[in-house]
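Engineer: One structure, as structure tokens, below. Some questions next.
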Amino acid sequence: MGSEWIPPEVDSRRPSVARVYDYLLGGDHNFASDRDLATALLRVEPLARELAQANRAFLRRAVRAIAGTGVDQFVDIGSGIPTQGTVHEVARSVNPGAKVVYVDNDDVAVAHSRTILAGDDQAVVLQADMRSPEDILTAPALKGLLDLSRPVAFLLVAALHLVKDEEDPAAIVAALRDAAAPGSHLVVSHLTHEAEPGKTAAIGKLYDRASSPAVSRSHAEILRFFDGWDLLDPGLVYVPLWRPGEGEAVADPERFLVFGGVGRR
């Protein structure tokens with residue numbers, strides 16, 4: 001990893017969730033500590049790379065579907081390090097005028113995102129923590145680009161399982177819902193222990209070393225994040241089952257350990 005990606009305040013010895021995910025997706029914006037955690041994760045879950053890819057594929061299908069309804073404003077919260085098929089690329093393939101705000105609290109993710117988006121006046125990067133949704137919603141960078149009196153899509157993809165129960169993840173979603181105009185959308189994907197509780201418990205233990213935990217939740221608990229939203233078909237399902245494309249049918253979808261869904265106001 002080139003030194004230009006390491007802001008001075010970054011502690012490269014502590015694994016970062018964003019950088020572990022980057023490594024699993026084949027990126028090179030990660031440190032030895034991230035690769036060590038990813039290697040341990042692959043021992044517990046040999047499909048970890050496939051899971052990361054399935055989660056990104058769900059994100060792309062959801063963005064495409066929402067952009068197809070005419071929504072042209074997206075807020076990607078916990079956006080991580082941009083990889084192939086970023087939100088602005090996917091949204092603009094459907095809706096060329098789409099505007100995107102990327103939000104992350106990881107210094108490397110933010111620095112790399114800003115480099116990628118330099119010169120793009122329809123996308124901005126905001127360094128903020130999703131545990132303070134008001135800071136995101138009132139940020140000048142967001143308010144300067146988006147009009148929250150019009151429909152917006154809030155993306156919390158592989159994000160809420162990084163928030164402990166005592167940090168009140170439901171309040172994060174409620175704040176976004178209350179700020180959302182009619183016609184807005186919410187996209188959530190989230191780790192679950194329903195299929196393989198032993199495996200998800202081991203993953204959770206590994207993430208105790210990282211910048212954020214990995215808190216698995218039940219289908220019912222994840223469904224509650226959609227309170228006040230109408231869940232679009234096919235509901236809250238394992239991510240490969242959410243509107244797969246031609247030839248994308250997957251055997252044993254529960255092995256992907258992540259539920260995904262899209263709600264509409």
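Residues are named by chain letter and number: chains run A, B, ... in the order of the structure tokens, numbers start at 1 in each chain, and ligands are numbered from 1 in the order shown.
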Using DSSP secondary structure from the backbone, list all alpha helix (DSSP H) positions within stretch 42-223 of chain A, as a PyMOL selection string.
Structural biologist: chain A and resi 42-44+48-67+87-94+107-117+133-137+140-145+169-179+197-207+219-223
Engineer: I'd like the contact shell of stretch 127-137 of chain A - 9 Å cut-off, only C-alpha atoms, skipping same-chain residues fewer than 5 positions apart - returned as a list in words.
Structural biologist: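 Listing them by chain and then by number gives Ile77, Gly78, Tyr102, Val103, Asp104, Asn105, Asp106, Asp107, Val110, Leu142, Lys143, Leu148, Ala159, Leu160, Val163, Glu167, Asp168, Pro169, Ala171, Ile172, Val173, Ala175, Leu176 and Ala179 of chain A.
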Engineer: Generate the output file for the selected residues, N, CA and C atoms, as a compact mmCIF listing (two decimals), in the first residue's frame.
Structural biologist:
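This went into result.txt:
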```
# COMPACT_ATOMS: atom_id res chain seq x y z
N ILE A 77 -23.98 5.25 3.75
CA ILE A 77 -23.47 5.41 5.11
C ILE A 77 -22.67 4.16 5.51
N GLY A 78 -21.42 4.38 5.90
CA GLY A 78 -20.52 3.25 6.11
C GLY A 78 -20.05 2.72 4.77
N TYR A 102 -21.08 10.00 0.14
CA TYR A 102 -20.46 8.84 0.80
C TYR A 102 -20.08 9.25 2.22
N VAL A 103 -20.41 8.39 3.17
CA VAL A 103 -20.14 8.69 4.58
C VAL A 103 -19.36 7.54 5.20
N ASP A 104 -18.21 7.84 5.80
CA ASP A 104 -17.48 6.81 6.53
C ASP A 104 -16.66 7.49 7.62
N ASN A 105 -16.31 6.70 8.66
CA ASN A 105 -15.48 7.28 9.72
C ASN A 105 -14.04 6.77 9.65
N ASP A 106 -13.73 5.97 8.62
CA ASP A 106 -12.37 5.43 8.48
C ASP A 106 -11.52 6.39 7.65
N ASP A 107 -10.37 6.79 8.21
CA ASP A 107 -9.53 7.80 7.55
C ASP A 107 -9.06 7.36 6.16
N VAL A 110 -11.94 7.44 3.66
CA VAL A 110 -12.28 8.82 3.30
C VAL A 110 -11.22 9.41 2.36
N LEU A 142 -23.45 17.65 2.85
CA LEU A 142 -24.67 16.95 2.40
C LEU A 142 -25.72 17.96 1.97
N LYS A 143 -25.93 18.97 2.81
CA LYS A 143 -26.99 19.94 2.50
C LYS A 143 -26.67 20.76 1.25
N LEU A 148 -33.20 17.36 0.85
CA LEU A 148 -33.91 16.33 1.59
C LEU A 148 -35.43 16.51 1.58
N ALA A 159 -23.59 -2.28 7.52
CA ALA A 159 -23.23 -1.16 8.42
C ALA A 159 -23.79 -1.33 9.82
N LEU A 160 -25.07 -1.64 9.95
CA LEU A 160 -25.70 -1.65 11.28
C LEU A 160 -25.18 -2.77 12.16
N VAL A 163 -22.74 -1.78 14.86
CA VAL A 163 -23.25 -0.94 15.96
C VAL A 163 -23.80 -1.84 17.06
N GLU A 167 -25.59 1.05 21.64
CA GLU A 167 -25.42 2.28 20.85
C GLU A 167 -26.68 2.61 20.05
N ASP A 168 -27.71 1.78 20.21
CA ASP A 168 -29.06 2.05 19.68
C ASP A 168 -29.11 2.18 18.15
N PRO A 169 -28.86 1.08 17.44
CA PRO A 169 -28.91 1.15 15.98
C PRO A 169 -30.29 1.55 15.45
N ALA A 171 -32.23 3.78 16.58
CA ALA A 171 -32.35 5.24 16.60
C ALA A 171 -31.69 5.85 15.36
N ILE A 172 -30.63 5.20 14.86
CA ILE A 172 -29.97 5.69 13.64
C ILE A 172 -30.97 5.65 12.48
N VAL A 173 -31.63 4.49 12.34
CA VAL A 173 -32.56 4.32 11.22
C VAL A 173 -33.77 5.24 11.39
N ALA A 175 -33.87 8.16 12.82
CA ALA A 175 -33.50 9.55 12.46
C ALA A 175 -33.49 9.74 10.95
N LEU A 176 -33.00 8.75 10.23
CA LEU A 176 -32.99 8.83 8.77
C LEU A 176 -34.42 8.81 8.22
N ALA A 179 -36.18 12.04 8.57
CA ALA A 179 -35.66 13.09 7.68
C ALA A 179 -36.04 12.83 6.22
```
Engineer: For A:Asp252, which residue out of A:Ala180, A:Val71, A:Val239, A:Val101 is the nearest one, using only C-alpha atoms?
Structural biologist: A:Val239
Engineer: Using only C-alpha atoms, find the one residue out of A:Lys205, A:His161, A:Arg150, A:Arg61 that sits nearest to A:Gly183.
Structural biologist: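 Under the stated criterion, the closest residue is A:Arg150.
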Engineer: Please indicate the distance in Å from atom CA of A:Gly260 to atom CA of A:Leu191, rounded to one decimal place.
Structural biologist: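 Spanning atom CA of A:Gly260 to atom CA of A:Leu191 is a straight-line distance of 9.1 Å.
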Engineer: Between atom CA of A:Leu156 and atom CA of A:Leu186, what is the spacing in Å?
Structural biologist: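 Separating atom CA of A:Leu186 from atom CA of A:Leu156 is a distance of 7.6 Å.
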